[in-house]
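Engineer: I am sharing coords.txt, which consists of compact mmCIF, C-alpha atoms:
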```txt
# COMPACT_ATOMS: atom_id res chain seq x y z
CA MET A 1 30.09 6.99 -32.64
CA ASN A 2 29.32 9.05 -29.61
CA THR A 3 25.61 9.03 -29.01
CA ILE A 4 25.80 10.02 -25.38
CA ASP A 5 24.97 13.59 -24.61
CA LYS A 6 27.97 15.08 -22.83
CA LYS A 7 25.95 17.47 -20.70
CA GLY A 8 22.61 15.95 -19.83
CA ALA A 9 21.00 12.56 -19.44
CA PRO A 10 20.17 10.82 -22.74
CA SER A 11 16.62 10.05 -21.58
CA LEU A 12 14.23 10.58 -18.72
CA ARG A 13 14.91 7.17 -17.22
CA THR A 14 18.68 7.64 -17.22
CA GLN A 15 18.45 10.96 -15.40
CA VAL A 16 19.99 10.60 -11.94
CA ARG A 17 17.37 11.83 -9.48
CA ARG A 18 18.65 11.18 -5.96
CA VAL A 19 21.68 13.43 -5.31
CA ALA A 20 21.56 14.57 -8.93
CA GLN A 21 25.05 16.12 -8.82
CA ARG A 22 26.48 12.59 -8.69
CA GLY A 23 25.12 11.90 -12.17
CA GLN A 24 27.69 11.63 -14.98
CA TYR A 25 26.70 11.38 -18.63
CA ASP A 26 29.99 11.57 -20.53
CA GLN A 27 31.25 8.65 -22.57
CA ALA A 28 34.72 8.38 -21.03
CA THR A 29 33.33 8.04 -17.51
CA LEU A 30 30.80 5.43 -18.62
CA TYR A 31 33.37 3.39 -20.54
CA ALA A 32 35.85 3.42 -17.65
CA ILE A 33 33.26 2.03 -15.24
CA LEU A 34 32.13 -0.68 -17.67
CA ASP A 35 35.69 -1.64 -18.64
CA GLU A 36 36.63 -2.31 -15.04
CA ALA A 37 33.68 -4.68 -14.59
CA TYR A 38 33.80 -8.46 -14.88
CA VAL A 39 30.14 -8.82 -13.95
CA CYS A 40 26.91 -6.89 -14.50
CA HIS A 41 23.40 -7.39 -13.15
CA ILE A 42 20.57 -7.64 -15.66
CA ALA A 43 16.99 -6.80 -14.68
CA PHE A 44 14.25 -8.21 -16.89
CA ALA A 45 10.58 -9.09 -16.52
CA ASP A 46 8.65 -12.16 -17.56
CA ASP A 47 5.41 -13.83 -16.50
CA ASP A 48 6.92 -14.63 -13.10
CA GLY A 49 7.75 -10.98 -12.38
CA VAL A 50 11.04 -9.10 -12.34
CA HIS A 51 14.39 -10.84 -12.13
CA CYS A 52 17.90 -9.61 -11.37
CA LEU A 53 20.69 -11.97 -12.43
CA PRO A 54 24.46 -11.50 -12.50
CA THR A 55 26.46 -12.41 -15.59
CA ALA A 56 29.85 -11.69 -17.11
CA CYS A 57 30.08 -8.66 -19.41
CA TRP A 58 32.55 -6.83 -21.61
CA ARG A 59 32.48 -3.65 -23.70
CA GLU A 60 33.49 -3.18 -27.30
CA GLY A 61 32.86 0.15 -28.97
CA ASP A 62 29.50 1.56 -28.01
CA HIS A 63 28.00 -1.77 -26.89
CA LEU A 64 28.06 -3.88 -23.77
CA TYR A 65 28.23 -7.64 -24.46
CA VAL A 66 27.06 -10.68 -22.49
CA HIS A 67 27.06 -14.36 -23.38
CA GLY A 68 25.90 -17.71 -22.12
CA SER A 69 24.28 -21.01 -22.91
CA ASN A 70 21.47 -21.09 -25.46
CA GLY A 71 19.43 -22.72 -22.70
CA SER A 72 19.60 -19.66 -20.40
CA ARG A 73 16.13 -18.31 -19.63
CA MET A 74 17.55 -14.81 -19.22
CA LEU A 75 19.40 -14.88 -22.54
CA LYS A 76 16.38 -16.28 -24.37
CA LEU A 77 14.20 -13.52 -23.02
CA ALA A 78 16.86 -10.86 -23.62
CA ALA A 79 17.32 -12.07 -27.20
CA SER A 80 13.60 -11.62 -27.80
CA GLY A 81 14.05 -7.85 -27.72
CA ALA A 82 12.54 -7.30 -24.28
CA GLN A 83 13.46 -4.09 -22.49
CA VAL A 84 16.14 -4.63 -19.86
CA CYS A 85 18.23 -2.63 -17.44
CA VAL A 86 21.88 -3.57 -17.06
CA THR A 87 23.86 -2.27 -14.09
CA VAL A 88 27.54 -2.34 -13.14
CA THR A 89 28.63 -1.27 -9.65
CA HIS A 90 32.06 -0.82 -8.09
CA LEU A 91 32.12 -0.31 -4.33
CA ASP A 92 35.09 1.91 -3.48
CA GLY A 93 34.76 2.53 0.23
CA LEU A 94 32.77 3.08 3.39
CA VAL A 95 32.40 6.75 4.28
CA LEU A 96 32.38 7.23 8.06
CA ALA A 97 30.91 10.53 9.19
CA ARG A 98 30.67 12.05 12.67
CA SER A 99 26.89 11.53 12.73
CA ALA A 100 25.06 8.28 11.97
CA PHE A 101 22.90 10.02 9.35
CA ASN A 102 25.80 11.29 7.22
CA HIS A 103 27.48 7.91 6.73
CA SER A 104 27.74 6.95 3.07
CA MET A 105 29.58 4.78 0.58
CA ASN A 106 31.91 5.66 -2.27
CA TYR A 107 30.98 3.90 -5.49
CA ARG A 108 30.92 4.11 -9.28
CA SER A 109 27.90 2.66 -11.02
CA ALA A 110 26.63 2.57 -14.60
CA VAL A 111 23.07 1.86 -15.70
CA VAL A 112 22.17 0.93 -19.28
CA TYR A 113 18.59 0.81 -20.59
CA GLY A 114 17.39 -0.75 -23.82
CA ALA A 115 17.06 -4.10 -25.56
CA PHE A 116 19.75 -6.65 -26.39
CA GLU A 117 20.38 -7.71 -29.97
CA LEU A 118 21.72 -11.08 -31.06
CA VAL A 119 25.34 -11.21 -32.27
CA SER A 120 25.60 -13.91 -34.93
CA GLY A 121 27.74 -15.01 -37.84
CA GLU A 122 31.45 -14.13 -37.79
CA GLY A 123 30.80 -11.41 -35.24
CA LYS A 124 29.94 -14.02 -32.61
CA ALA A 125 33.33 -15.78 -32.55
CA ALA A 126 35.08 -12.41 -32.75
CA ALA A 127 33.11 -11.08 -29.80
CA LEU A 128 33.96 -14.12 -27.66
CA GLU A 129 37.63 -13.70 -28.56
CA THR A 130 37.46 -10.05 -27.51
CA PHE A 131 35.99 -11.18 -24.18
CA LEU A 132 38.80 -13.66 -23.53
CA GLU A 133 41.44 -11.13 -24.56
CA SER A 134 39.94 -8.49 -22.28
CA ILE A 135 40.42 -10.85 -19.34
CA ALA A 136 43.78 -12.38 -20.32
CA PRO A 137 45.65 -10.63 -23.16
CA GLY A 138 47.17 -13.21 -25.49
CA ARG A 139 45.17 -16.14 -24.18
CA ALA A 140 42.91 -16.44 -27.23
CA ARG A 141 45.95 -17.63 -29.20
CA GLU A 142 47.04 -20.14 -26.52
CA VAL A 143 43.85 -22.07 -25.79
CA ARG A 144 41.88 -24.43 -28.01
CA SER A 145 39.42 -22.22 -29.88
CA GLY A 146 35.72 -22.91 -29.76
CA ASN A 147 34.62 -25.50 -32.29
CA ALA A 148 31.43 -25.30 -34.35
CA LYS A 149 29.40 -27.22 -31.77
CA GLU A 150 30.57 -25.06 -28.85
CA LEU A 151 29.97 -21.87 -30.79
CA ALA A 152 26.48 -23.04 -31.78
CA ALA A 153 25.65 -23.74 -28.11
CA THR A 154 26.58 -20.19 -27.08
CA THR A 155 24.42 -17.09 -27.30
CA VAL A 156 26.13 -13.70 -27.56
CA LEU A 157 24.07 -10.56 -27.04
CA ARG A 158 24.92 -6.88 -27.04
CA ILE A 159 23.14 -3.75 -25.89
CA SER A 160 23.76 -0.25 -27.19
CA LEU A 161 25.22 2.26 -24.74
CA THR A 162 23.07 5.02 -26.20
CA GLU A 163 20.79 5.17 -23.17
CA ALA A 164 23.15 4.98 -20.23
CA ALA A 165 24.24 6.96 -17.21
CA ALA A 166 26.86 6.76 -14.51
CA LYS A 167 26.60 7.75 -10.87
CA ILE A 168 29.65 8.34 -8.73
CA ARG A 169 30.43 9.28 -5.15
CA THR A 170 34.00 10.03 -4.13
CA GLY A 171 35.76 11.74 -1.25
CA GLY A 172 35.30 12.01 2.48
CA PRO A 173 32.24 12.46 4.65
CA LYS A 174 30.03 15.54 4.41
CA ASP A 175 29.39 16.34 8.03
CA ASP A 176 27.07 18.99 9.40
CA ASP A 177 29.04 22.02 10.63
CA ASP A 178 27.80 21.48 14.17
CA ASP A 179 29.27 17.96 14.18
CA LEU A 180 32.80 18.83 13.05
CA GLY A 181 34.12 19.21 16.59
CA LEU A 182 32.81 15.87 17.84
CA PRO A 183 35.51 13.49 19.12
CA VAL A 184 34.75 10.85 16.48
CA TRP A 185 37.10 9.41 13.86
CA ALA A 186 35.88 10.47 10.41
CA GLY A 187 37.19 9.36 7.05
CA VAL A 188 36.99 6.67 4.43
CA LEU A 189 37.63 2.92 4.67
CA PRO A 190 38.52 2.24 1.01
CA MET A 191 38.21 -1.12 -0.68
CA THR A 192 38.88 -2.60 -4.09
CA LEU A 193 38.36 -5.86 -5.96
CA ALA A 194 41.91 -7.18 -5.54
CA PRO A 195 43.67 -10.15 -7.15
CA LEU A 196 44.93 -12.99 -4.94
CA ALA A 197 47.69 -15.48 -5.76
CA PRO A 198 46.88 -17.71 -8.79
CA ILE A 199 45.91 -21.34 -8.13
CA ALA A 200 47.36 -23.59 -10.84
CA GLU A 201 45.91 -26.97 -11.79
CA ALA A 202 48.03 -29.93 -10.63
CA GLU A 203 49.46 -30.61 -14.10
CA THR A 204 49.65 -27.58 -16.28
CA ALA A 205 51.94 -25.49 -18.45
CA GLU A 206 54.19 -22.68 -17.24
CA PRO A 207 52.25 -19.54 -16.33
CA PRO A 208 52.11 -16.84 -19.02
CA LYS A 209 52.69 -13.18 -18.24
CA TYR A 210 49.08 -12.33 -17.39
CA VAL A 211 49.16 -15.09 -14.73
CA ARG A 212 52.59 -14.14 -13.34
CA SER A 213 51.59 -10.47 -13.08
CA TRP A 214 48.07 -11.13 -11.74
CA HIS A 215 48.79 -10.95 -8.05
CA THR A 216 51.72 -8.53 -8.12
CA ALA A 217 49.49 -5.97 -9.83
CA SER A 218 47.41 -5.89 -6.65
CA PRO A 219 46.92 -2.41 -5.19
CA ASN A 220 47.64 -3.96 -1.79
CA SER A 221 50.84 -5.79 -2.55
CA MET A 222 52.38 -2.85 -4.43
CA GLU A 223 52.58 -0.77 -1.30
CA MET B 224 12.10 -18.95 11.97
CA ASN B 225 13.51 -21.08 9.25
CA THR B 226 11.19 -20.96 6.28
CA ILE B 227 13.75 -22.02 3.72
CA ASP B 228 13.43 -25.56 2.49
CA LYS B 229 16.77 -27.23 3.10
CA LYS B 230 16.58 -29.55 0.13
CA GLY B 231 14.74 -27.89 -2.72
CA ALA B 232 14.01 -24.43 -4.01
CA PRO B 233 11.30 -22.58 -2.04
CA SER B 234 9.45 -21.65 -5.24
CA LEU B 235 9.51 -22.10 -8.97
CA ARG B 236 11.22 -18.77 -9.58
CA THR B 237 14.02 -19.43 -7.10
CA GLN B 238 14.85 -22.77 -8.69
CA VAL B 239 18.31 -22.57 -10.24
CA ARG B 240 17.92 -23.69 -13.84
CA ARG B 241 21.24 -23.19 -15.61
CA VAL B 242 23.82 -25.59 -14.13
CA ALA B 243 21.27 -26.67 -11.52
CA GLN B 244 23.87 -28.42 -9.34
CA ARG B 245 25.22 -24.97 -8.43
CA GLY B 246 21.93 -24.12 -6.68
CA GLN B 247 22.01 -23.97 -2.87
CA TYR B 248 18.87 -23.60 -0.79
CA ASP B 249 20.05 -23.92 2.80
CA GLN B 250 19.81 -21.03 5.22
CA ALA B 251 23.43 -20.99 6.39
CA THR B 252 24.75 -20.64 2.82
CA LEU B 253 22.26 -17.89 2.03
CA TYR B 254 23.01 -15.95 5.22
CA ALA B 255 26.79 -16.18 4.69
CA ILE B 256 26.51 -14.69 1.19
CA LEU B 257 24.21 -11.90 2.33
CA ASP B 258 26.28 -11.10 5.44
CA GLU B 259 29.41 -10.56 3.36
CA ALA B 260 27.64 -8.05 1.11
CA TYR B 261 27.73 -4.29 1.49
CA VAL B 262 25.63 -3.75 -1.62
CA CYS B 263 22.74 -5.49 -3.38
CA HIS B 264 21.04 -4.81 -6.71
CA ILE B 265 17.27 -4.36 -6.69
CA ALA B 266 15.21 -5.03 -9.81
CA PHE B 267 11.78 -3.43 -9.94
CA ALA B 268 9.33 -2.36 -12.61
CA ASP B 269 7.35 0.83 -13.05
CA ASP B 270 5.70 2.68 -15.94
CA ASP B 271 9.15 3.31 -17.48
CA GLY B 272 10.02 -0.41 -17.56
CA VAL B 273 12.42 -2.46 -15.45
CA HIS B 274 15.17 -0.90 -13.35
CA CYS B 275 18.22 -2.33 -11.64
CA LEU B 276 19.74 -0.12 -8.95
CA PRO B 277 22.49 -0.78 -6.40
CA THR B 278 22.00 0.07 -2.76
CA ALA B 279 23.48 -0.78 0.63
CA CYS B 280 21.96 -3.77 2.43
CA TRP B 281 22.25 -5.71 5.67
CA ARG B 282 20.64 -8.81 7.14
CA GLU B 283 18.99 -9.26 10.50
CA GLY B 284 17.23 -12.53 11.26
CA ASP B 285 15.27 -13.76 8.29
CA HIS B 286 15.08 -10.38 6.52
CA LEU B 287 17.32 -8.33 4.27
CA TYR B 288 17.19 -4.58 4.96
CA VAL B 289 17.78 -1.52 2.79
CA HIS B 290 17.40 2.17 3.52
CA GLY B 291 17.55 5.54 1.88
CA SER B 292 15.98 8.93 1.48
CA ASN B 293 12.20 9.22 1.52
CA GLY B 294 12.61 10.91 -1.86
CA SER B 295 14.06 7.81 -3.54
CA ARG B 296 11.93 6.63 -6.43
CA MET B 297 13.05 3.05 -5.87
CA LEU B 298 12.23 3.08 -2.17
CA LYS B 299 8.85 4.69 -2.74
CA LEU B 300 7.96 2.01 -5.25
CA ALA B 301 9.41 -0.76 -3.11
CA ALA B 302 7.46 0.48 -0.09
CA SER B 303 4.24 0.24 -2.11
CA GLY B 304 4.46 -3.54 -1.94
CA ALA B 305 5.56 -4.09 -5.53
CA GLN B 306 7.25 -7.38 -6.33
CA VAL B 307 11.02 -7.05 -6.54
CA CYS B 308 14.07 -9.20 -7.00
CA VAL B 309 17.12 -8.46 -4.86
CA THR B 310 20.49 -9.93 -5.80
CA VAL B 311 23.87 -10.07 -4.09
CA THR B 312 26.94 -11.28 -6.00
CA HIS B 313 30.51 -11.93 -4.89
CA LEU B 314 33.00 -12.54 -7.69
CA ASP B 315 35.68 -14.93 -6.39
CA GLY B 316 37.85 -15.59 -9.42
CA LEU B 317 38.42 -16.09 -13.12
CA VAL B 318 38.54 -19.76 -14.12
CA LEU B 319 41.00 -20.32 -16.96
CA ALA B 320 40.46 -23.57 -18.86
CA ARG B 321 42.50 -25.12 -21.66
CA SER B 322 39.74 -24.40 -24.17
CA ALA B 323 38.05 -21.06 -24.76
CA PHE B 324 34.61 -22.62 -24.25
CA ASN B 325 35.30 -24.00 -20.76
CA HIS B 326 36.41 -20.71 -19.21
CA SER B 327 34.24 -19.69 -16.29
CA MET B 328 34.08 -17.58 -13.15
CA ASN B 329 33.89 -18.53 -9.50
CA TYR B 330 31.16 -16.65 -7.65
CA ARG B 331 28.61 -16.78 -4.86
CA SER B 332 25.27 -15.13 -5.53
CA ALA B 333 21.97 -14.89 -3.69
CA VAL B 334 18.62 -13.96 -5.21
CA VAL B 335 15.62 -12.92 -3.09
CA TYR B 336 12.08 -12.58 -4.46
CA GLY B 337 9.14 -10.89 -2.79
CA ALA B 338 7.93 -7.50 -1.66
CA PHE B 339 9.50 -5.08 0.79
CA GLU B 340 7.68 -3.98 3.91
CA LEU B 341 8.14 -0.66 5.69
CA VAL B 342 10.04 -0.71 8.97
CA SER B 343 8.63 2.04 11.19
CA GLY B 344 8.37 3.09 14.82
CA GLU B 345 11.11 2.02 17.21
CA GLY B 346 12.16 -0.73 14.83
CA LYS B 347 13.41 1.86 12.35
CA ALA B 348 16.06 3.44 14.57
CA ALA B 349 17.05 -0.02 15.83
CA ALA B 350 17.48 -1.32 12.28
CA LEU B 351 19.70 1.63 11.30
CA GLU B 352 21.83 1.05 14.39
CA THR B 353 22.19 -2.61 13.43
CA PHE B 354 23.37 -1.49 9.98
CA LEU B 355 26.02 0.83 11.41
CA GLU B 356 27.17 -1.82 13.89
CA SER B 357 27.43 -4.43 11.15
CA ILE B 358 29.87 -2.16 9.29
CA ALA B 359 31.79 -0.78 12.27
CA PRO B 360 31.21 -2.56 15.61
CA GLY B 361 30.96 -0.02 18.42
CA ARG B 362 30.50 2.99 16.16
CA ALA B 363 26.81 3.47 16.96
CA ARG B 364 27.85 4.54 20.47
CA GLU B 365 30.55 6.93 19.22
CA VAL B 366 28.76 9.01 16.60
CA ARG B 367 25.96 11.52 17.00
CA SER B 368 22.76 9.50 16.73
CA GLY B 369 20.10 10.38 14.20
CA ASN B 370 17.72 13.10 15.42
CA ALA B 371 13.98 13.08 14.84
CA LYS B 372 14.27 15.06 11.62
CA GLU B 373 16.96 12.77 10.17
CA LEU B 374 15.06 9.66 11.16
CA ALA B 375 11.87 11.03 9.61
CA ALA B 376 13.72 11.70 6.34
CA THR B 377 14.90 8.10 6.10
CA THR B 378 12.96 5.13 4.77
CA VAL B 379 13.89 1.64 6.03
CA LEU B 380 12.53 -1.39 4.21
CA ARG B 381 12.96 -5.12 4.70
CA ILE B 382 12.21 -8.17 2.61
CA SER B 383 11.62 -11.68 3.91
CA LEU B 384 14.20 -14.30 2.98
CA THR B 385 11.47 -16.93 2.61
CA GLU B 386 11.78 -17.00 -1.17
CA ALA B 387 15.49 -17.00 -1.83
CA ALA B 388 18.19 -19.10 -3.41
CA ALA B 389 21.96 -19.09 -3.69
CA LYS B 390 24.12 -20.13 -6.61
CA ILE B 391 27.79 -20.93 -6.19
CA ARG B 392 30.69 -21.98 -8.39
CA THR B 393 34.00 -22.96 -6.80
CA GLY B 394 37.13 -24.83 -7.85
CA GLY B 395 39.22 -25.14 -10.94
CA PRO B 396 38.36 -25.46 -14.62
CA LYS B 397 36.36 -28.41 -15.95
CA ASP B 398 38.24 -29.25 -19.11
CA ASP B 399 37.27 -31.80 -21.73
CA ASP B 400 39.38 -34.96 -21.39
CA ASP B 401 40.82 -34.41 -24.85
CA ASP B 402 42.13 -30.98 -23.83
CA LEU B 403 43.97 -32.03 -20.65
CA GLY B 404 47.27 -32.53 -22.46
CA LEU B 405 47.30 -29.15 -24.18
CA PRO B 406 50.31 -26.94 -23.29
CA VAL B 407 48.13 -24.22 -21.78
CA TRP B 408 48.24 -22.86 -18.24
CA ALA B 409 44.99 -23.77 -16.47
CA GLY B 410 43.82 -22.67 -13.07
CA VAL B 411 42.07 -19.92 -11.18
CA LEU B 412 42.91 -16.24 -10.86
CA PRO B 413 41.19 -15.53 -7.52
CA MET B 414 40.02 -12.12 -6.37
CA THR B 415 38.36 -10.61 -3.36
CA LEU B 416 36.92 -7.29 -2.24
CA ALA B 417 39.89 -6.18 -0.17
CA PRO B 418 40.30 -3.29 2.28
CA LEU B 419 42.87 -0.56 1.51
CA ALA B 420 44.52 1.81 3.99
CA PRO B 421 42.04 4.14 5.77
CA ILE B 422 41.94 7.80 4.71
CA ALA B 423 41.36 10.03 7.76
CA GLU B 424 39.86 13.50 7.58
CA ALA B 425 42.37 16.29 8.17
CA GLU B 426 41.17 16.98 11.69
CA THR B 427 39.69 14.01 13.42
CA ALA B 428 39.86 11.85 16.54
CA GLU B 429 42.18 8.88 17.07
CA PRO B 430 41.16 5.83 15.02
CA PRO B 431 39.11 3.21 16.89
CA LYS B 432 39.86 -0.50 16.64
CA TYR B 433 37.70 -1.16 13.58
CA VAL B 434 39.66 1.51 11.69
CA ARG B 435 43.10 0.36 12.90
CA SER B 436 42.32 -3.25 11.97
CA TRP B 437 40.62 -2.42 8.65
CA HIS B 438 43.59 -2.73 6.37
CA THR B 439 45.59 -5.29 8.31
CA ALA B 440 42.64 -7.66 8.05
CA SER B 441 43.22 -7.69 4.29
CA PRO B 442 43.66 -11.16 2.81
CA ASN B 443 46.50 -9.71 0.75
CA SER B 444 48.52 -7.99 3.44
CA MET B 445 48.32 -10.92 5.84
CA GLU B 446 50.49 -13.08 3.61
```
Turn this file's structure into structure tokens for me.

Structural biologist:
Amino acid sequence: MNTIDKKGAPSLRTQVRRVAQRGQYDQATLYAILDEAYVCHIAFADDDGVHCLPTACWREGDHLYVHGSNGSRMLKLAASGAQVCVTVTHLDGLVLARSAFNHSMNYRSAVVYGAFELVSGEGKAAALETFLESIAPGRAREVRSGNAKELAATTVLRISLTEAAAKIRTGGPKDDDDDLGLPVWAGVLPMTLAPLAPIAEAETAEPPKYVRSWHTASPNSME
Amino acid sequence: MNTIDKKGAPSLRTQVRRVAQRGQYDQATLYAILDEAYVCHIAFADDDGVHCLPTACWREGDHLYVHGSNGSRMLKLAASGAQVCVTVTHLDGLVLARSAFNHSMNYRSAVVYGAFELVSGEGKAAALETFLESIAPGRAREVRSGNAKELAATTVLRISLTEAAAKIRTGGPKDDDDDLGLPVWAGVLPMTLAPLAPIAEAETAEPPKYVRSWHTASPNSME
């Protein structure tokens, strides 16, 4: 189900205002940004004011999922149907221009507005399995599955991606014409969230494929 | 000025509730997390509800700074003295346990509550120079400095770190005793925000030291 307008923002509050040409409202762009994320930030309000807390997230279909302990204040409030804003950000590089003012950063971010809904029944265990598989394909069949008590202690929530928008900056600096001749290095210092070598427990089984390939898949070490 | 209580949370809303032993309230821990961050997420509320937007940040003394265009909705609201929550998160690894339930993530996060104040006058240009120097030491003297028009178009805000807390998870999985003998690989898949090779503009000056050392400082390529 594609509920995201491919040309414009799905709502007033998802319309990118600053540097509006960086706004992206197509589903493929949104999904790609969310699928690369391990963590999102959730903004919510309660009697103490606004809060902004990080938590793990994963996407399935047209929903973004989060989970946690039943005791989590954020999850309890989110499960109550309160309006939230969920944001994912990937920092891709520092953009060094010839003038101080034109410095920038390359990034891809996605913002989702709406309310979470509780995932219960058989869908709950299935959603948690999807999460584990999204991180380590095959692992759900290797580990001890959650028992009834563990499952009961866990809250799973999902939010529709109907009201969402992405914002992206790519490429080099945009210098003023008058600055182009200045004797200053200009370009991009790129960065990425890169895997480091796995750290195994002292006594453990042989590493499966997703562990063996973790570090070698690094964009740095493949050079 | 150290206004952060070294033993307990500085306020009720900065008290870490879920897995309380992960809460850290000392200044050095807070500063280290903030100083490693290029980007924070700011939660704020307006007539449209709560919002969660990423933006560049830097620390100087006991304040966290952000900046942007005068036209930014977020900065206009933040400058009005509204209560906000500013969060920085570093994801350090996936923690793979022998049971699905005990999987976790290693992370360092910092949460700051309060209201921004406007940085104006001479302090504004000085703060922006501090930002540039924190990213690229020496660059403030190389580039064309901001002129009066550019400076006037930029808003700089800062928030006190008086009401802040950090939350950290490190180390391997915490498995149930009964699961320790399971034939499942257990350990950590670490990750870090790593620099990639600089991308120079087609016609530009020789790279300064902070550009030449950007990629070689990578935790991956130093192996």

Engineer: Asp177 of chain A: which residues within 12 Å, counting only C-alpha atoms, same-chain residues fewer than 6 positions away excluded, as a PDB file with C-alpha atoms, in the coordinates of the input?

Structural biologist:
```
ATOM      1  CA  ALA A  97      30.910  10.530   9.190  1.00  0.00           C
ATOM      2  CA  ARG A  98      30.670  12.050  12.670  1.00  0.00           C
ATOM      3  CA  SER A  99      26.890  11.530  12.730  1.00  0.00           C
ATOM      4  CA  ASN A 102      25.800  11.290   7.220  1.00  0.00           C
TER       5      ASN A 102
END
```

Engineer: Looking at only C-alpha atoms, which of A:Leu151, A:Ala125, A:Val50, A:Ala37 is the one that sits closest to Leu314 of chain B?

Structural biologist: A:Ala37

Engineer: What is the distance, in Å and to one decimal place, between atom CA of His67 of chain A and atom CA of Ile33 of chain A?

Structural biologist: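 Those two atoms sit 19.3 Å apart.
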
Engineer: Just checking: using only C-alpha atoms, which residue out of A:Ala43, A:Ala110, A:Val88, A:Leu161 ends up closest to chain B?

Structural biologist: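 When distances to chain B are compared using only C-alpha atoms, the smallest one comes from A:Ala43.
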
Engineer: Which residues of chain A come within 6 Å of chain B, and for each one, what is the closest pair of atoms and their distance in Å to one decimal, counting only C-alpha atoms, sorted by chain and residue number, as a tab-separated table?

Structural biologist:
```
residue	atom	partner	partner_atom	distance
A:Ala43	CA	B:Ala266	CA	5.5
A:His51	CA	B:Cys308	CA	5.4
A:Cys52	CA	B:Ala266	CA	5.5
A:Cys85	CA	B:His274	CA	5.4
A:Arg98	CA	B:Val366	CA	5.3
A:Ser99	CA	B:Arg367	CA	4.4
A:Ala100	CA	B:Ser368	CA	5.4
A:Phe101	CA	B:Gly369	CA	5.6
A:Val143	CA	B:Ser322	CA	5.0
A:Arg144	CA	B:Ser322	CA	4.4
A:Ser145	CA	B:Ala323	CA	5.4
A:Gly146	CA	B:Phe324	CA	5.6
A:Pro183	CA	B:Ala428	CA	5.3
A:Val184	CA	B:Ala428	CA	5.2
A:Trp185	CA	B:Ala428	CA	4.6
A:Ala186	CA	B:Glu424	CA	5.7
A:Gly187	CA	B:Ala423	CA	4.3
A:Val188	CA	B:Ile422	CA	5.1
A:Leu189	CA	B:Pro421	CA	4.7
A:Pro190	CA	B:Leu419	CA	5.2
A:Met191	CA	B:Pro418	CA	4.2
A:Thr192	CA	B:Ala417	CA	5.4
A:Leu193	CA	B:Leu416	CA	4.2
A:Ala194	CA	B:Met414	CA	5.4
A:Pro195	CA	B:Met414	CA	4.2
A:Leu196	CA	B:Met414	CA	5.2
A:Pro198	CA	B:Leu412	CA	4.7
A:Ile199	CA	B:Val411	CA	5.1
A:Ala200	CA	B:Gly410	CA	4.3
A:Glu201	CA	B:Gly410	CA	4.9
A:Thr204	CA	B:Trp408	CA	5.3
A:Ala205	CA	B:Trp408	CA	4.5
A:Pro207	CA	B:Trp408	CA	5.5
```

Engineer: Taking the block above, write segment 313-321 of chain B with N, CA, C and O atoms as a PDB file, in the first residue's frame.

Structural biologist:
```pdb
ATOM      1  N   HIS B 313      25.401   7.942  20.214  1.00  0.00           N
ATOM      2  CA  HIS B 313      26.411   7.210  19.451  1.00  0.00           C
ATOM      3  C   HIS B 313      26.097   5.725  19.566  1.00  0.00           C
ATOM      4  O   HIS B 313      26.060   5.191  20.678  1.00  0.00           O
ATOM      5  N   LEU B 314      25.886   5.080  18.437  1.00  0.00           N
ATOM      6  CA  LEU B 314      25.665   3.629  18.441  1.00  0.00           C
ATOM      7  C   LEU B 314      27.028   2.946  18.331  1.00  0.00           C
ATOM      8  O   LEU B 314      27.774   3.182  17.386  1.00  0.00           O
ATOM      9  N   ASP B 315      27.359   2.093  19.306  1.00  0.00           N
ATOM     10  CA  ASP B 315      28.695   1.491  19.371  1.00  0.00           C
ATOM     11  C   ASP B 315      28.715   0.016  18.989  1.00  0.00           C
ATOM     12  O   ASP B 315      29.795  -0.541  18.782  1.00  0.00           O
ATOM     13  N   GLY B 316      27.552  -0.631  18.930  1.00  0.00           N
ATOM     14  CA  GLY B 316      27.592  -2.034  18.529  1.00  0.00           C
ATOM     15  C   GLY B 316      26.292  -2.774  18.765  1.00  0.00           C
ATOM     16  O   GLY B 316      25.431  -2.331  19.522  1.00  0.00           O
ATOM     17  N   LEU B 317      26.168  -3.895  18.063  1.00  0.00           N
ATOM     18  CA  LEU B 317      25.037  -4.802  18.252  1.00  0.00           C
ATOM     19  C   LEU B 317      25.491  -5.888  19.219  1.00  0.00           C
ATOM     20  O   LEU B 317      26.563  -6.477  19.042  1.00  0.00           O
ATOM     21  N   VAL B 318      24.690  -6.153  20.232  1.00  0.00           N
ATOM     22  CA  VAL B 318      25.046  -7.132  21.253  1.00  0.00           C
ATOM     23  C   VAL B 318      24.226  -8.399  21.026  1.00  0.00           C
ATOM     24  O   VAL B 318      23.010  -8.409  21.208  1.00  0.00           O
ATOM     25  N   LEU B 319      24.926  -9.451  20.598  1.00  0.00           N
ATOM     26  CA  LEU B 319      24.243 -10.693  20.210  1.00  0.00           C
ATOM     27  C   LEU B 319      24.313 -11.718  21.347  1.00  0.00           C
ATOM     28  O   LEU B 319      25.383 -12.250  21.659  1.00  0.00           O
ATOM     29  N   ALA B 320      23.164 -11.980  21.948  1.00  0.00           N
ATOM     30  CA  ALA B 320      23.068 -12.920  23.065  1.00  0.00           C
ATOM     31  C   ALA B 320      22.631 -14.287  22.553  1.00  0.00           C
ATOM     32  O   ALA B 320      22.294 -14.456  21.385  1.00  0.00           O
ATOM     33  N   ARG B 321      22.636 -15.261  23.474  1.00  0.00           N
ATOM     34  CA  ARG B 321      22.269 -16.625  23.089  1.00  0.00           C
ATOM     35  C   ARG B 321      20.759 -16.817  23.040  1.00  0.00           C
ATOM     36  O   ARG B 321      20.269 -17.815  22.510  1.00  0.00           O
TER      37      ARG B 321
END
```
